[in-house]
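Right, one structure below, let's go through it.
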Amino acid sequence: MIDKNHPKLSISEQAGLLNINRTSLYYKPVPLNKRDLEIKCHIDKIYTAHPEFGSRRICKWLKRYNGIHLNRKTIQRHMREMGIEAIYPHQNTSKPSKDNPIYPYLLKELVINHPNQVWSIDITYIPVHTSWLYLVAIIDWYSRYVIDWMIDDTLEIGFVLETSKRALKKAVPEIMNSDQGSHFTSPKYTQIFLDAGCKISMDHRGRAYDNIFIERLWRSLKYENVYPQEYNSPKDARIGINQYLNYYNKERLHQSLKYHTPEEVYYVK
């Protein structure tokens, strides 16, 4: 996939063309347990359909509908590795570090009426037959246009920062919205948008539906592409997901957009 001896293209240029974080090229994954991958795939499907489920309900669901008997601590470990949690509000949540301020949610009752008014960013888990990946994407609320995205095989913050910088080369939103995940409260991330002149908005703690449009993107991606394709390798997943997101932007008709594509609405004059 990457030719380190390519006569014309550098490794960085090849990685950019494939939407791969170049730092992942030097990452050597730990051998994976096939059973763990199967369990993560089941959890991902349950969570995508029911993001309000916590580890307790996922544990019960796996037992009843999939015949998988695991204790709750094991489910919690898998969910941590997948970077997911239930969307219900948590009680007694710890206070954020003074170095990582939480910004208010700015979108309540806001009328969204033009492109680049509000963007959202999020990360989702991508199951692969032999491994797993993480996908970060930035979406425009008005048009549903996916501004930029990147796939990586770790949850390190680098691919979030790189995607954010690439997106800002295309346009600058008035408001940048995210959840309160550690990547998105990091000053490394927030400063990128503050320096660009954006306001920062963050969902209420545990309220994934505050970021509804990107949640809908994840469901569309997984039900229309990831689950039916059942990718056998990270390479296949990268190619297929990149193709799907281009299709989503340029060809997929949205009822909520009066059967226009996101690209048509985003770039409307």
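Residues are named by chain letter and number: chains run A, B, ... in the order of the structure tokens, numbers start at 1 in each chain, and ligands are numbered from 1 in the order shown.
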
Check region 35-152 of chain A with DSSP on the backbone and list each residue it calls helix (DSSP H, G or I), as a count of residues only.
38

Between A:Ile46, A:Val226, A:Asn33, A:Ile192, which has the minimum distance to Lys60 (chain A) (counting only C-alpha atoms)?
A:Ile46

What lies within 10 Å of region 236-253 of chain A using only C-alpha atoms, ignoring chain neighbours under 4 positions off, as a short mmCIF file (atom, residue, chain, number, x, y, z; two decimals) with C-alpha atoms, in the first residue's frame?
data_model
loop_
_atom_site.label_atom_id
_atom_site.label_comp_id
_atom_site.auth_asym_id
_atom_site.auth_seq_id
_atom_site.Cartn_x
_atom_site.Cartn_y
_atom_site.Cartn_z
CA LEU A 18 -4.80 7.33 1.31
CA ASN A 19 -6.11 9.34 4.30
CA ILE A 20 -3.63 7.54 6.57
CA ILE A 126 -14.32 0.43 12.98
CA PRO A 127 -14.34 -3.38 13.33
CA VAL A 128 -12.14 -5.33 10.92
CA HIS A 129 -11.89 -9.11 10.65
CA TRP A 132 -9.72 -2.68 14.31
CA LEU A 133 -9.38 0.96 13.33
CA LEU A 135 -12.15 6.95 12.21
CA ALA A 137 -14.53 12.91 10.88
CA SER A 143 -25.24 20.42 4.58
CA ARG A 144 -24.19 17.12 6.26
CA TYR A 145 -21.04 17.44 4.16
CA VAL A 146 -18.05 15.56 5.61
CA ILE A 147 -15.33 18.21 5.53
CA ASP A 148 -12.45 15.85 6.25
CA TRP A 149 -11.69 12.52 7.87
CA MET A 150 -8.79 10.24 8.75
CA ILE A 151 -8.40 6.60 9.71
CA ASP A 152 -5.81 5.39 12.22
CA LEU A 217 -23.25 9.65 9.80
CA SER A 220 -25.19 5.30 7.83
CA LEU A 221 -21.54 4.37 7.38
CA LYS A 222 -21.79 1.21 9.46
CA GLU A 224 -24.56 0.75 4.61
CA ASN A 225 -20.88 -0.09 4.37
CA VAL A 226 -18.86 -1.46 7.30
CA GLN A 229 -18.67 -5.45 3.70
CA GLU A 230 -17.14 -7.21 6.73
CA TYR A 231 -13.67 -5.97 5.83
CA ASN A 232 -10.95 -8.58 6.06
CA LEU A 257 -31.74 17.92 2.08
CA LYS A 258 -34.70 17.65 -0.32
CA TYR A 259 -32.89 14.83 -2.12
CA HIS A 260 -29.75 16.79 -2.83
CA THR A 261 -26.27 15.57 -2.00
CA PRO A 262 -24.26 17.12 0.86
CA GLU A 263 -21.73 18.48 -1.63
CA GLU A 264 -24.46 20.25 -3.62
CA VAL A 265 -25.80 21.92 -0.48
CA TYR A 266 -22.40 22.74 1.00
#

Measuring between only C-alpha atoms, which one of A:Asp153, A:Ala167, A:Tyr267, A:Arg72 shows the shortest distance to Thr124 (chain A)?
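The answer is A:Asp153, which sits nearest to Thr124 (chain A).
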
Point-to-point distance from CA of Leu37 (chain A) to CA of Phe213 (chain A), Å rounded to tenths:
27.8 Å

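Residue nearest Leu70 (chain A) within the list A:Asn100, A:Asp36, A:Cys198, A:Asp44: A:Asp36 [criterion: smallest interatomic distance, only C-alpha atoms].
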
Using only C-alpha atoms, determine which residues lie at most 9 Å from Tyr103 (chain A), disregarding the query and same-chain residues fewer than 5 positions distant; provide the list as a list of chain:residue names.
A:Gln180, A:Thr185, A:Ile200, A:Ser201, A:Met202, A:Asp203

Go ahead and dump the residues you just picked, N, CA, C and O atoms, as a PDB file, in the first residue's frame.
ATOM      1  N   GLN A 180     -17.141  15.784  25.169  1.00  0.00           N
ATOM      2  CA  GLN A 180     -16.157  16.162  26.177  1.00  0.00           C
ATOM      3  C   GLN A 180     -15.053  15.119  26.321  1.00  0.00           C
ATOM      4  O   GLN A 180     -14.420  14.995  27.370  1.00  0.00           O
ATOM      5  N   THR A 185     -11.067  18.018  24.660  1.00  0.00           N
ATOM      6  CA  THR A 185     -10.838  19.015  25.706  1.00  0.00           C
ATOM      7  C   THR A 185      -9.361  19.393  25.800  1.00  0.00           C
ATOM      8  O   THR A 185      -9.009  20.316  26.526  1.00  0.00           O
ATOM      9  N   ILE A 200     -15.811  27.529  20.489  1.00  0.00           N
ATOM     10  CA  ILE A 200     -15.816  26.111  20.851  1.00  0.00           C
ATOM     11  C   ILE A 200     -17.102  25.782  21.598  1.00  0.00           C
ATOM     12  O   ILE A 200     -17.490  26.475  22.536  1.00  0.00           O
ATOM     13  N   SER A 201     -17.758  24.704  21.166  1.00  0.00           N
ATOM     14  CA  SER A 201     -18.971  24.209  21.813  1.00  0.00           C
ATOM     15  C   SER A 201     -18.756  22.756  22.189  1.00  0.00           C
ATOM     16  O   SER A 201     -18.149  21.999  21.421  1.00  0.00           O
ATOM     17  N   MET A 202     -19.256  22.356  23.361  1.00  0.00           N
ATOM     18  CA  MET A 202     -19.129  20.964  23.788  1.00  0.00           C
ATOM     19  C   MET A 202     -20.467  20.438  24.270  1.00  0.00           C
ATOM     20  O   MET A 202     -21.209  21.135  24.972  1.00  0.00           O
ATOM     21  N   ASP A 203     -20.757  19.187  23.877  1.00  0.00           N
ATOM     22  CA  ASP A 203     -21.996  18.551  24.296  1.00  0.00           C
ATOM     23  C   ASP A 203     -22.075  18.460  25.808  1.00  0.00           C
ATOM     24  O   ASP A 203     -21.050  18.410  26.495  1.00  0.00           O
TER      25      ASP A 203
END

CA of Arg219 (chain A) to CA of Gly54 (chain A), distance in Å rounded to a single decimal
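Going from CA of Arg219 (chain A) over to CA of Gly54 (chain A) covers 18.1 Å.
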
As a PyMOL selection string, list the residues of region 42-245 of chain A assigned to strand (DSSP E or B) by DSSP on the backbone atoms of this structure.
chain A and resi 118-127+132-140+146-152+175-178+199-202

Kindly indicate which residue among A:Ile157, A:Ile175, A:Leu168, A:Ala196 lies nearest to Gln117 (chain A), using only C-alpha atoms for the distances.
A:Ile175

For a test of reading the model, state the distance in Å between CA of Pro115 (chain A) and CA of Pro51 (chain A), rounded to one decimal.
27.8 Å
